[in-house]
Amino acid sequence: MKILVFSDSHRSRAGMLDAIEQEKPDMVIHLGDLLSDAEEVGYVYPRLPLVSVPGNCDGWTMEPAIRRFQAGGKTFLVSHGHLWRVKQGYELAIAEARKAGADFLLFGHTHRPYCEQVDGLWVMNPGTARTSYGTILLEPNRVKCSITPMD
C-alpha cells in the first residue's frame, strides 16, 4: 500500500495533483491548511481514499481535529499539529500517539519536513505541499517512509 501525505497546501493544489498523478497512491492523507484543498483532491480523484483534518487556518469546522484510523494493518494518529504545539517540540504529539497505540504519527503546521522512527513509532511531517510531500509504503514485511521534494 502506498500513501501520500500532504500538509499546509494553502491553496497550492497543483503540486499535490501532480504528485498523485505521478505516484499513483492507494490513499492520500491531508493534514490541514486548507481543507478545501483536500476537498479539491477528492473531486479530481473521487475513488481515491482520502483522510483529512483541519488546520489552524481552516476556521470553524465540524471535522475532527484529530483522527485515529487503520490502514494497511497499521494504526495512524493524524492532526495538523497546532493542538499539540509542535512548533515548540514533538513530545506532546509523540505522547498522544503512544497513548493511542499508533504505529504512525502524522502532523504538519511547522512547514519543516521530518520523517524518522522514534522507538518504533514513525513520526512524519511532510512539510508544506508547495515544496514537499511524504510517502509511506506498507509492504507485508517492510515499512518505508520518505519525504519527496516537489519539482
# chains A, B, ... in the order shown; residues from 1 in each chain; ligands from 1
>>> residues_around(residues="stretch 121-131 of chain A", least_positions_apart="5", cutoff="7 Å", atoms="only C-alpha atoms", output="count of residues only")
23
>>> select_by_dssp(residues="stretch 21-110 of chain A", states="helix (DSSP H, G or I)", output="list in words")
Glu21, Gln22, Glu23, Leu35, Ser36, Asp37, Ala38, Glu39, Glu40, Val41, Gly42, Tyr43, Val44, His82, Leu83, Trp84, Val86, Lys87, Gln88, Glu91, Leu92, Ala93, Ile94, Ala95, Glu96, Ala97, Arg98 and Lys99 of chain A
>>> atom_distance(atom1="atom CA of A:Ser146", atom2="atom CA of A:Gly134")
5.7 Å
>>> residues_around(residues="A:Pro140", least_positions_apart="6", cutoff="10 Å", atoms="only C-alpha atoms", output="JSON, numbers by chain")
{"A": [1, 72, 73]}
>>> select_by_dssp(residues="chain A", states="strand (DSSP E or B)", output="JSON, numbers by chain")
{"A": [2, 3, 4, 5, 6, 27, 28, 29, 30, 50, 51, 52, 66, 67, 68, 69, 70, 71, 74, 75, 76, 77, 78, 79, 104, 105, 106, 114, 115, 116, 117, 118, 121, 122, 123, 124, 125, 132, 133, 134, 135, 136, 137, 138, 139, 142, 143, 144, 145, 146, 147, 148, 149]}
>>> closest_residue(among="A:Leu137, A:Val44, A:Ile29, A:Ala100", to="A:Thr75", atoms="only C-alpha atoms")
A:Ala100
>>> closest_residue(among="A:Trp84, A:Tyr90, A:Tyr133, A:Phe69", to="A:Ala102", atoms="only C-alpha atoms")
A:Phe69
>>> closest_residue(among="A:His109, A:Arg67, A:Asp26, A:Arg13", to="A:Gly55", atoms="only C-alpha atoms")
A:His109
>>> closest_residue(among="A:Glu21, A:Glu39, A:Glu91, A:Glu139", to="A:Pro54", atoms="only C-alpha atoms")
A:Glu39
>>> closest_residue(among="A:Cys57, A:Gln22, A:Pro49, A:Gly81", to="A:Ser36", atoms="only C-alpha atoms")
A:Cys57
>>> atom_distance(atom1="atom CA of A:His80", atom2="atom CA of A:Ala65")
7.3 Å
>>> closest_residue(among="A:Arg85, A:Arg47, A:Lys74, A:Arg11", to="A:Lys24", atoms="only C-alpha atoms")
A:Arg47
>>> atom_distance(atom1="atom CA of A:Lys99", atom2="atom CA of A:Arg68")
11.4 Å
